[in-house]
file start_33.txt (compact mmCIF, C-alpha atoms)
# COMPACT_ATOMS: atom_id res chain seq x y z
CA MET X 1 21.37 16.84 50.44
CA ARG X 2 20.70 13.39 51.91
CA SER X 3 23.24 10.63 51.46
CA SER X 4 20.77 8.34 49.69
CA VAL X 5 19.61 10.77 47.00
CA LEU X 6 21.16 13.46 44.78
CA VAL X 7 18.95 16.16 43.29
CA PHE X 8 20.69 17.78 40.32
CA ALA X 9 20.17 21.11 38.60
CA TRP X 10 18.55 19.26 35.69
CA GLY X 11 15.63 18.37 37.94
CA MET X 12 16.66 14.72 37.81
CA VAL X 13 16.59 12.56 40.92
CA TRP X 14 19.16 9.79 41.15
CA SER X 15 19.40 6.99 43.67
CA ALA X 16 22.66 6.30 45.48
CA ALA X 17 22.80 2.98 43.65
CA GLY X 18 23.34 4.94 40.45
CA VAL X 19 20.05 4.09 38.76
CA ALA X 20 18.62 6.97 36.75
CA GLN X 21 14.96 7.65 37.45
CA SER X 22 14.84 9.85 34.32
CA ASP X 23 17.19 9.80 31.34
CA TYR X 24 18.67 12.81 29.59
CA VAL X 25 16.20 14.70 27.38
CA TRP X 26 17.26 17.38 24.87
CA ASN X 27 13.94 19.29 24.68
CA LEU X 28 14.97 20.95 21.42
CA PRO X 29 12.65 23.47 19.74
CA LYS X 30 11.54 23.61 16.15
CA GLY X 31 14.46 24.18 13.79
CA PHE X 32 17.11 22.56 16.00
CA PRO X 33 18.34 19.09 15.04
CA LYS X 34 19.52 16.64 17.65
CA PRO X 35 23.27 17.13 18.23
CA ARG X 36 25.81 14.55 17.22
CA VAL X 37 26.99 12.55 20.23
CA PRO X 38 29.94 10.13 20.04
CA ALA X 39 28.94 6.49 20.42
CA ASP X 40 31.46 6.00 23.22
CA ASN X 41 30.13 8.94 25.25
CA PRO X 42 26.31 8.87 25.32
CA MET X 43 24.57 11.69 27.12
CA SER X 44 23.20 11.24 30.62
CA ALA X 45 21.98 13.75 33.18
CA ALA X 46 24.48 12.42 35.72
CA LYS X 47 27.38 12.82 33.32
CA VAL X 48 26.31 16.36 32.41
CA GLU X 49 26.08 17.27 36.08
CA LEU X 50 29.52 15.86 36.82
CA GLY X 51 30.84 17.87 33.90
CA ARG X 52 29.30 21.03 35.34
CA TYR X 53 31.11 20.53 38.65
CA LEU X 54 34.39 19.91 36.85
CA PHE X 55 33.88 22.87 34.52
CA TYR X 56 33.73 25.30 37.45
CA ASP X 57 36.36 23.66 39.68
CA THR X 58 39.57 25.72 40.03
CA ARG X 59 41.28 22.64 41.42
CA MET X 60 41.59 21.56 37.80
CA SER X 61 44.41 24.09 37.40
CA VAL X 62 48.04 23.84 38.43
CA ASN X 63 47.71 26.54 41.09
CA GLY X 64 44.00 26.54 41.93
CA ARG X 65 43.45 29.88 40.21
CA ALA X 66 41.53 28.92 37.08
CA SER X 67 38.87 26.61 35.74
CA CYS X 68 37.20 26.13 32.37
CA ALA X 69 34.76 28.84 33.46
CA THR X 70 37.56 31.38 33.84
CA CYS X 71 37.69 31.76 30.06
CA HIS X 72 34.07 30.77 29.47
CA LYS X 73 31.76 32.86 31.67
CA GLN X 74 28.05 32.15 31.51
CA GLU X 75 27.06 35.83 31.67
CA LEU X 76 29.20 36.50 28.55
CA ALA X 77 27.75 33.59 26.55
CA PHE X 78 30.68 31.47 27.76
CA THR X 79 33.42 33.83 26.56
CA ASP X 80 35.60 36.02 28.79
CA GLY X 81 35.41 39.56 27.43
CA ARG X 82 39.15 39.79 26.76
CA PRO X 83 40.89 40.36 23.43
CA VAL X 84 42.96 37.26 24.17
CA SER X 85 42.60 34.86 27.08
CA ALA X 86 45.06 34.24 29.89
CA GLY X 87 45.89 30.94 31.59
CA ALA X 88 46.14 30.01 35.25
CA THR X 89 49.74 31.25 35.42
CA GLY X 90 48.89 34.56 33.74
CA GLU X 91 50.38 33.60 30.38
CA LYS X 92 48.47 35.33 27.60
CA HIS X 93 47.18 33.31 24.67
CA SER X 94 47.31 34.46 21.07
CA ARG X 95 43.54 34.22 20.54
CA GLY X 96 40.29 34.97 22.29
CA ALA X 97 38.01 32.43 23.94
CA MET X 98 35.27 31.23 21.60
CA SER X 99 31.70 30.90 22.85
CA LEU X 100 30.65 27.45 24.01
CA VAL X 101 26.99 28.10 23.28
CA ASN X 102 25.67 25.50 20.79
CA ILE X 103 29.17 24.07 20.49
CA ALA X 104 27.57 20.62 20.16
CA TYR X 105 26.82 21.55 16.55
CA ASN X 106 30.29 22.75 15.54
CA ALA X 107 31.98 20.85 12.72
CA VAL X 108 35.33 22.08 14.05
CA LEU X 109 36.03 23.49 17.49
CA THR X 110 38.75 26.13 17.44
CA TRP X 111 39.66 29.28 15.54
CA GLY X 112 42.34 27.70 13.42
CA ASN X 113 42.91 23.99 14.05
CA PRO X 114 41.09 21.88 11.44
CA GLN X 115 42.02 18.68 13.27
CA ILE X 116 40.08 19.14 16.52
CA LYS X 117 36.48 18.06 15.96
CA ASP X 118 35.44 16.32 19.19
CA LEU X 119 34.91 18.02 22.54
CA GLU X 120 36.53 15.12 24.37
CA GLN X 121 39.71 15.68 22.35
CA GLN X 122 39.54 19.45 22.71
CA ALA X 123 39.26 19.33 26.51
CA LEU X 124 42.76 17.89 26.72
CA VAL X 125 44.24 21.05 25.19
CA PRO X 126 43.42 23.49 28.02
CA MET X 127 44.03 20.80 30.63
CA PHE X 128 47.51 19.73 29.55
CA GLY X 129 48.67 22.18 26.86
CA GLU X 130 52.02 23.89 27.38
CA HIS X 131 52.10 26.40 24.51
CA PRO X 132 50.38 28.30 25.97
CA VAL X 133 49.73 27.07 29.49
CA GLU X 134 46.00 27.20 30.22
CA LEU X 135 45.07 25.04 33.22
CA GLY X 136 48.57 23.63 33.48
CA LEU X 137 47.80 20.10 34.64
CA ARG X 138 50.51 17.45 34.39
CA GLU X 139 50.38 13.68 34.32
CA GLY X 140 50.87 12.29 37.80
CA ASP X 141 49.86 15.45 39.68
CA GLY X 142 47.28 15.52 42.47
CA PHE X 143 44.20 16.14 40.36
CA LEU X 144 42.83 12.58 40.11
CA PRO X 145 43.64 11.78 43.76
CA MET X 146 41.71 14.93 44.72
CA LEU X 147 38.68 13.65 42.84
CA ARG X 148 38.88 10.24 44.50
CA SER X 149 39.07 11.78 47.97
CA ASN X 150 36.19 14.21 47.51
CA THR X 151 32.77 13.06 48.78
CA ILE X 152 30.80 14.96 46.15
CA TYR X 153 32.94 13.68 43.29
CA ARG X 154 32.79 10.10 44.53
CA LYS X 155 28.99 10.23 44.29
CA LEU X 156 28.99 12.04 40.96
CA PHE X 157 31.48 9.67 39.34
CA ASP X 158 29.59 6.63 40.64
CA LEU X 159 26.40 7.92 39.03
CA ALA X 160 27.96 9.09 35.78
CA PHE X 161 30.13 6.01 35.23
CA PRO X 162 28.43 3.11 37.03
CA GLU X 163 30.44 0.39 35.28
CA PRO X 164 32.83 -1.45 37.64
CA ALA X 165 36.03 -0.25 35.93
CA GLU X 166 38.18 2.52 37.39
CA ARG X 167 36.04 5.64 37.28
CA PHE X 168 38.59 8.33 38.14
CA THR X 169 40.38 8.68 34.82
CA ILE X 170 41.25 11.60 32.57
CA ALA X 171 39.16 9.98 29.84
CA ASN X 172 36.08 10.09 32.07
CA VAL X 173 36.84 13.67 33.10
CA THR X 174 36.89 14.78 29.47
CA LYS X 175 33.75 12.79 28.69
CA ALA X 176 31.88 14.53 31.51
CA ILE X 177 33.09 18.01 30.56
CA ALA X 178 32.22 17.37 26.91
CA SER X 179 28.74 16.21 27.92
CA PHE X 180 28.14 19.37 29.93
CA GLU X 181 29.35 21.55 27.06
CA ARG X 182 27.05 19.75 24.61
CA SER X 183 24.12 20.54 26.87
CA ILE X 184 24.60 24.33 26.53
CA ILE X 185 21.96 24.99 23.88
CA SER X 186 20.86 28.52 23.03
CA ASP X 187 17.41 28.64 21.42
CA ARG X 188 15.41 31.29 23.28
CA SER X 189 16.59 34.57 21.75
CA PRO X 190 14.05 37.18 20.61
CA TRP X 191 14.87 36.16 17.03
CA ASP X 192 14.07 32.50 17.81
CA ARG X 193 10.79 33.44 19.45
CA TYR X 194 9.83 35.58 16.45
CA HIS X 195 11.21 33.41 13.63
CA TYR X 196 9.71 30.16 14.91
CA GLY X 197 6.31 31.71 15.55
CA ARG X 198 6.36 31.75 19.33
CA GLU X 199 6.08 35.53 19.81
CA ASP X 200 5.24 37.92 16.96
CA GLY X 201 6.39 41.03 18.82
CA ALA X 202 9.69 39.63 20.10
CA VAL X 203 11.88 41.75 17.77
CA SER X 204 11.80 45.39 16.72
CA ASP X 205 11.08 46.71 13.25
CA ALA X 206 14.74 47.74 13.01
CA ALA X 207 15.83 44.16 13.75
CA LYS X 208 13.44 42.87 11.08
CA ARG X 209 14.95 45.25 8.54
CA GLY X 210 18.40 44.16 9.66
CA GLU X 211 17.50 40.52 9.12
CA ILE X 212 16.48 41.28 5.53
CA LEU X 213 19.84 42.95 4.95
CA PHE X 214 21.72 40.08 6.60
CA PHE X 215 20.16 37.57 4.21
CA SER X 216 20.32 39.81 1.14
CA GLN X 217 22.55 39.01 -1.82
CA GLN X 218 24.05 42.49 -1.47
CA LEU X 219 25.57 41.82 1.95
CA ALA X 220 25.46 37.98 1.90
CA CYS X 221 26.41 37.70 5.60
CA PHE X 222 24.55 34.39 5.68
CA ARG X 223 27.07 32.73 3.36
CA CYS X 224 29.61 32.45 6.19
CA HIS X 225 27.19 32.71 9.13
CA GLY X 226 24.33 30.55 7.95
CA GLY X 227 21.79 28.04 9.15
CA PHE X 228 20.00 27.86 12.48
CA ASN X 229 23.27 28.50 14.32
CA PHE X 230 24.44 31.50 12.25
CA SER X 231 27.83 29.87 11.84
CA GLY X 232 29.99 27.88 9.48
CA ALA X 233 29.40 24.19 8.88
CA THR X 234 27.41 22.36 11.54
CA VAL X 235 27.02 18.69 12.39
CA SER X 236 24.09 16.88 13.94
CA GLU X 237 22.76 13.39 14.46
CA GLY X 238 22.59 11.72 11.08
CA HIS X 239 24.63 14.51 9.48
CA GLU X 240 27.96 13.98 11.15
CA VAL X 241 30.44 14.66 8.36
CA ARG X 242 30.66 18.26 7.18
CA HIS X 243 33.65 19.99 5.64
CA PRO X 244 34.85 22.68 8.09
CA GLU X 245 34.97 26.18 6.68
CA PHE X 246 37.73 28.72 7.25
CA HIS X 247 37.95 32.21 5.80
CA ASN X 248 40.49 34.98 5.33
CA THR X 249 38.41 38.13 5.76
CA GLY X 250 41.09 40.68 4.94
CA LEU X 251 41.62 41.59 8.57
CA TYR X 252 45.36 42.10 7.90
CA ASN X 253 47.72 42.49 4.99
CA VAL X 254 51.18 42.95 6.46
CA PRO X 255 54.29 43.04 4.26
CA GLY X 256 56.41 39.95 3.85
CA ALA X 257 55.99 36.34 2.90
CA LEU X 258 52.97 35.87 5.20
CA SER X 259 50.21 38.45 5.19
CA TYR X 260 48.97 37.89 8.76
CA PRO X 261 50.99 38.65 11.91
CA ALA X 262 52.50 35.65 13.68
CA PRO X 263 51.60 33.55 15.52
CA ASN X 264 48.02 33.91 14.24
CA LEU X 265 48.47 32.53 10.75
CA GLY X 266 45.19 30.59 10.55
CA ILE X 267 45.04 27.00 9.36
CA PHE X 268 48.35 27.57 7.56
CA GLU X 269 49.91 26.55 10.89
CA PHE X 270 48.70 23.01 10.15
CA THR X 271 48.44 22.77 6.38
CA LYS X 272 51.58 24.81 5.51
CA ASP X 273 49.76 25.78 2.34
CA PRO X 274 50.44 29.49 1.59
CA LYS X 275 46.83 29.86 0.39
CA ASP X 276 45.65 29.11 3.94
CA VAL X 277 47.36 32.06 5.63
CA GLY X 278 44.79 34.07 7.54
CA LYS X 279 41.97 31.53 7.28
CA PHE X 280 39.97 31.19 10.51
CA LYS X 281 36.68 29.63 11.55
CA ALA X 282 33.48 31.67 11.23
CA PRO X 283 32.02 31.60 14.77
CA THR X 284 28.35 31.54 15.64
CA LEU X 285 26.66 34.93 15.78
CA ARG X 286 24.27 33.79 18.47
CA ASN X 287 24.76 36.04 21.52
CA THR X 288 27.36 38.00 19.55
CA ALA X 289 26.38 41.27 21.25
CA LEU X 290 27.90 39.81 24.44
CA THR X 291 31.12 38.41 23.03
CA ALA X 292 33.15 41.55 22.30
CA PRO X 293 35.89 42.20 21.40
CA TYR X 294 35.69 40.49 18.05
CA MET X 295 37.75 38.48 15.55
CA HIS X 296 40.24 35.74 16.47
CA ASP X 297 42.57 38.20 18.23
CA GLY X 298 40.04 40.59 19.70
CA SER X 299 41.33 43.39 17.49
CA ILE X 300 37.89 44.89 16.71
CA ALA X 301 36.05 46.42 19.65
CA THR X 302 32.41 46.78 18.58
CA LEU X 303 29.79 45.26 16.30
CA GLY X 304 29.63 48.50 14.35
CA GLU X 305 33.34 48.32 13.63
CA VAL X 306 32.96 44.70 12.52
CA LEU X 307 30.30 45.78 10.01
CA ASP X 308 32.58 48.59 8.80
CA HIS X 309 35.35 46.03 8.23
CA TYR X 310 33.12 43.88 6.04
CA ALA X 311 31.57 46.85 4.23
CA ALA X 312 35.09 47.92 3.24
CA GLY X 313 35.90 44.43 1.99
CA GLY X 314 38.80 44.23 4.45
CA ARG X 315 40.29 46.40 7.19
CA THR X 316 42.84 49.11 6.51
CA LEU X 317 45.37 49.80 9.28
CA HIS X 318 47.11 53.08 8.53
CA SER X 319 49.95 52.80 11.03
CA GLY X 320 51.69 50.50 13.48
CA PRO X 321 53.42 47.15 13.07
CA HIS X 322 50.42 45.62 11.29
CA ALA X 323 49.74 48.48 8.87
CA GLY X 324 48.31 47.39 5.55
CA ILE X 325 45.25 47.31 3.32
CA GLY X 326 43.28 44.17 4.14
CA HIS X 327 41.05 44.62 1.09
CA ASP X 328 44.07 43.74 -1.04
CA ASN X 329 45.12 40.61 0.87
CA PRO X 330 45.93 38.00 -1.81
CA ASN X 331 44.33 35.20 0.23
CA LYS X 332 41.11 37.04 1.00
CA ASP X 333 37.91 35.03 0.56
CA PRO X 334 36.07 36.04 -2.64
CA LEU X 335 32.92 36.42 -0.52
CA ILE X 336 34.48 39.43 1.22
CA GLY X 337 33.97 41.94 -1.56
CA GLY X 338 32.57 44.88 0.38
CA PHE X 339 29.20 46.63 0.10
CA ASN X 340 27.51 49.98 0.48
CA MET X 341 25.70 50.57 3.76
CA SER X 342 23.87 53.63 5.01
CA GLY X 343 23.91 54.71 8.63
CA GLN X 344 20.36 53.46 9.07
CA GLU X 345 21.22 50.10 7.57
CA ARG X 346 24.22 49.82 9.88
CA ASN X 347 21.99 50.44 12.90
CA ASP X 348 19.38 47.98 11.65
CA LEU X 349 22.00 45.26 11.25
CA ILE X 350 23.25 45.86 14.78
CA GLU X 351 19.69 45.57 16.10
CA PHE X 352 19.26 42.28 14.25
CA LEU X 353 22.50 40.93 15.74
CA LYS X 354 21.35 42.02 19.20
CA SER X 355 18.11 40.08 18.66
CA LEU X 356 20.22 36.89 18.66
CA THR X 357 20.99 37.37 22.38
CA ASP X 358 19.45 34.61 24.50
CA GLU X 359 19.01 35.92 28.04
CA GLY X 360 17.74 32.52 29.09
CA VAL X 361 21.04 30.72 28.48
CA LEU X 362 22.86 33.41 30.47
CA GLN X 363 20.75 32.80 33.56
CA ASP X 364 19.88 29.12 33.30
CA ARG X 365 20.87 27.47 36.57
CA ARG X 366 21.61 24.21 34.76
CA PHE X 367 24.71 25.90 33.34
CA ALA X 368 25.68 27.85 36.47
CA ASN X 369 28.44 27.32 39.02
CA PRO X 370 27.34 24.50 41.37
CA TRP X 371 29.97 25.21 44.00
call {"tool": "encode", "arguments": {"input": "start_33.txt", "output": "structure tokens"}}
result
Amino acid sequence: MRSSVLVFAWGMVWSAAGVAQSDYVWNLPKGFPKPRVPADNPMSAAKVELGRYLFYDTRMSVNGRASCATCHKQELAFTDGRPVSAGATGEKHSRGAMSLVNIAYNAVLTWGNPQIKDLEQQALVPMFGEHPVELGLREGDGFLPMLRSNTIYRKLFDLAFPEPAERFTIANVTKAIASFERSIISDRSPWDRYHYGREDGAVSDAAKRGEILFFSQQLACFRCHGGFNFSGATVSEGHEVRHPEFHNTGLYNVPGALSYPAPNLGIFEFTKDPKDVGKFKAPTLRNTALTAPYMHDGSIATLGEVLDHYAAGGRTLHSGPHAGIGHDNPNKDPLIGGFNMSGQERNDLIEFLKSLTDEGVLQDRRFANPW
């Protein structure tokens, strides 16, 4: 790397004076709207690249042991493969890490907080949150001075934020991380190549049968996992206000005043409305074959078991501290009524879900560790 020029993973060349020779381009395929981007944080290739460096930098944690990528690994569709995540200090969280793929389209960003809707706002939670500790940063620690003293970061911040004001701020850090996260678009799965007419033979006959079942009125999976992102409500440019959707799927039905085990009580934690106990966000099903274990607390191990849960109209736990018949949960979403499913249909559905795996996003160097 020469001092006068930076060549980024996006294939963009930037002069040391901070003048972009090529602006950020989405390159979205058919069926994908342009993501919503906050007016005060427009996309740029330099900002995305700075965010990538920050995303993978363990110096963002209190003890140098964790980064954003610790809980969001590219090879696992930006999840971590654990039932629940653990922070830099080893403290376990109560929920699993959600995939960051296509997060630019999410109307709401976490399993059970209806108030967090912007990535810039969400980034502050792992950085400074105390319950639980994730990265464990504190105001006044050595993080910003480290950025100022680092040659690479000085160049990256100059390019990403060329205005004369102080560049090394937490606000700019979160803007860069949010920009990188918005850039992680998954659109190259076998299903995409088949559905959008790019490759007729991209999916198997079993996956095609599974798709028919998925969109059938009998199973109605699409009602909670719908649209191009196979998720709950999405937002995009020009369609920025969507009511977030949360569902109680009958995963638990424990005795007592609250039917879900604490602390995972769904959006009830914020609304305090008893009808909201157990209501969580429906995540995207893109790359779902890579994001096991499943549900907000990682309590279901395989895709087959997830299908069994929905076919039963709610999970029954016969023993243990959480024993109960989820089908009978009083808050359960009316959409979770159960259905009949043969062994062949179960296998076909799994093959369809596997066809949503985008190998390209798992290997794309634009999203990889730059260090």
call {"tool": "residues_around", "arguments": {"input": "start_33.txt", "residues": "range 45-47 of chain X", "least_positions_apart": "3", "cutoff": "6 Å", "atoms": "all atoms listed in the file", "output": "PDB file with C-alpha atoms, keeping the file's coordinate frame"}}
result
ATOM      1  CA  TYR X  24      18.670  12.810  29.590  1.00  0.00           C
ATOM      2  CA  LEU X  50      29.520  15.860  36.820  1.00  0.00           C
ATOM      3  CA  LEU X 159      26.400   7.920  39.030  1.00  0.00           C
ATOM      4  CA  ALA X 160      27.960   9.090  35.780  1.00  0.00           C
ATOM      5  CA  ALA X 176      31.880  14.530  31.510  1.00  0.00           C
TER       6      ALA X 176
END
call {"tool": "closest_residue", "arguments": {"input": "start_33.txt", "among": "X:Ala312, X:Leu135, X:Leu290, X:Leu156", "to": "Cys71 in chain X", "atoms": "only C-alpha atoms"}}
result
X:Leu135
call {"tool": "closest_residue", "arguments": {"input": "start_33.txt", "among": "X:Leu265, X:Ala165, X:Ala289, X:Ile336", "to": "Glu351 in chain X", "atoms": "all atoms listed in the file"}}
result
X:Ala289
call {"tool": "residues_around", "arguments": {"input": "start_33.txt", "residues": "Val203 in chain X", "least_positions_apart": "4", "cutoff": "7 Å", "atoms": "only C-alpha atoms", "output": "PyMOL selection string"}}
result
chain X and resi 190-191+194+207-208+355
call {"tool": "atom_distance", "arguments": {"input": "start_33.txt", "atom1": "CA of Ala123 in chain X", "atom2": "CA of Ile177 in chain X"}}
result
7.5 Å
call {"tool": "atom_distance", "arguments": {"input": "start_33.txt", "atom1": "CA of Ala66 in chain X", "atom2": "CA of Glu181 in chain X"}}
result
17.4 Å
call {"tool": "residues_near_point", "arguments": {"input": "start_33.txt", "point": "(31.9, 49.0, 16.4)", "cutoff": "12 Å", "atoms": "only C-alpha atoms", "output": "ChimeraX atom specification"}}
result
/X:289,292-294,299-310,346-347,349-350
call {"tool": "closest_residue", "arguments": {"input": "start_33.txt", "among": "X:Ile184, X:Val101, X:Leu285, X:Ala262", "to": "Gly226 in chain X", "atoms": "all atoms listed in the file"}}
result
X:Leu285
call {"tool": "atom_distance", "arguments": {"input": "start_33.txt", "atom1": "CA of Thr174 in chain X", "atom2": "CA of Leu76 in chain X"}}
result
23.1 Å
call {"tool": "decode", "arguments": {"input": "start_33.txt", "residues": "range 143-153 of chain X", "atoms": "all heavy atoms", "output": "short mmCIF file (atom, residue, chain, number, x, y, z; two decimals), in the first residue's frame"}}
result
data_model
loop_
_atom_site.label_atom_id
_atom_site.label_comp_id
_atom_site.auth_asym_id
_atom_site.auth_seq_id
_atom_site.Cartn_x
_atom_site.Cartn_y
_atom_site.Cartn_z
N PHE X 143 -10.10 3.72 23.76
CA PHE X 143 -10.50 3.30 22.42
C PHE X 143 -10.30 4.42 21.38
O PHE X 143 -9.63 4.22 20.36
CB PHE X 143 -11.94 2.83 22.44
CG PHE X 143 -12.50 2.51 21.08
CD1 PHE X 143 -11.88 1.58 20.26
CD2 PHE X 143 -13.64 3.15 20.62
CE1 PHE X 143 -12.39 1.28 19.01
CE2 PHE X 143 -14.16 2.85 19.37
CZ PHE X 143 -13.54 1.92 18.56
N LEU X 144 -10.87 5.59 21.61
CA LEU X 144 -10.72 6.68 20.64
C LEU X 144 -9.26 7.13 20.50
O LEU X 144 -8.79 7.36 19.37
CB LEU X 144 -11.62 7.85 21.01
CG LEU X 144 -13.13 7.60 20.87
CD1 LEU X 144 -13.92 8.83 21.27
CD2 LEU X 144 -13.50 7.19 19.44
N PRO X 145 -8.50 7.26 21.59
CA PRO X 145 -7.08 7.57 21.42
C PRO X 145 -6.33 6.54 20.58
O PRO X 145 -5.43 6.89 19.81
CB PRO X 145 -6.56 7.61 22.86
CG PRO X 145 -7.74 8.01 23.67
CD PRO X 145 -8.92 7.35 23.01
N MET X 146 -6.71 5.26 20.70
CA MET X 146 -6.08 4.23 19.88
C MET X 146 -6.35 4.49 18.40
O MET X 146 -5.45 4.39 17.56
CB MET X 146 -6.62 2.85 20.27
CG MET X 146 -6.05 1.68 19.45
SD MET X 146 -6.87 1.39 17.85
CE MET X 146 -8.50 0.81 18.40
N LEU X 147 -7.59 4.86 18.08
CA LEU X 147 -7.91 5.15 16.69
C LEU X 147 -7.09 6.31 16.16
O LEU X 147 -6.57 6.27 15.04
CB LEU X 147 -9.41 5.45 16.56
CG LEU X 147 -10.40 4.34 16.92
CD1 LEU X 147 -11.83 4.85 16.78
CD2 LEU X 147 -10.19 3.11 16.06
N ARG X 148 -7.00 7.37 16.96
CA ARG X 148 -6.25 8.56 16.53
C ARG X 148 -4.78 8.27 16.28
O ARG X 148 -4.15 8.88 15.41
CB ARG X 148 -6.37 9.66 17.58
CG ARG X 148 -7.74 10.28 17.72
CD ARG X 148 -7.69 11.50 18.62
NE ARG X 148 -9.03 11.97 18.96
CZ ARG X 148 -9.66 11.67 20.07
NH1 ARG X 148 -9.07 10.89 20.98
NH2 ARG X 148 -10.88 12.11 20.30
N SER X 149 -4.22 7.33 17.04
CA SER X 149 -2.79 7.06 16.95
C SER X 149 -2.43 6.03 15.90
O SER X 149 -1.26 5.82 15.60
CB SER X 149 -2.27 6.58 18.31
OG SER X 149 -2.85 5.32 18.65
N ASN X 150 -3.44 5.39 15.31
CA ASN X 150 -3.20 4.31 14.36
C ASN X 150 -3.13 4.85 12.94
O ASN X 150 -4.04 5.55 12.49
CB ASN X 150 -4.32 3.27 14.49
CG ASN X 150 -4.09 2.07 13.59
OD1 ASN X 150 -4.40 2.12 12.41
ND2 ASN X 150 -3.56 1.00 14.15
N THR X 151 -2.08 4.53 12.21
CA THR X 151 -1.86 5.06 10.86
C THR X 151 -2.99 4.67 9.91
O THR X 151 -3.49 5.49 9.14
CB THR X 151 -0.53 4.56 10.30
OG1 THR X 151 0.53 4.98 11.16
CG2 THR X 151 -0.29 5.12 8.90
N ILE X 152 -3.40 3.41 9.97
CA ILE X 152 -4.46 2.95 9.08
C ILE X 152 -5.75 3.69 9.38
O ILE X 152 -6.44 4.17 8.47
CB ILE X 152 -4.65 1.43 9.23
CG1 ILE X 152 -3.43 0.69 8.71
CG2 ILE X 152 -5.93 0.97 8.51
CD1 ILE X 152 -3.48 -0.82 8.92
N TYR X 153 -6.11 3.80 10.65
CA TYR X 153 -7.36 4.46 11.00
C TYR X 153 -7.32 5.95 10.67
O TYR X 153 -8.34 6.53 10.30
CB TYR X 153 -7.69 4.25 12.47
CG TYR X 153 -8.38 2.93 12.75
CD1 TYR X 153 -7.90 2.06 13.72
CD2 TYR X 153 -9.52 2.56 12.04
CE1 TYR X 153 -8.54 0.85 13.98
CE2 TYR X 153 -10.16 1.35 12.27
CZ TYR X 153 -9.67 0.50 13.24
OH TYR X 153 -10.30 -0.70 13.48
#
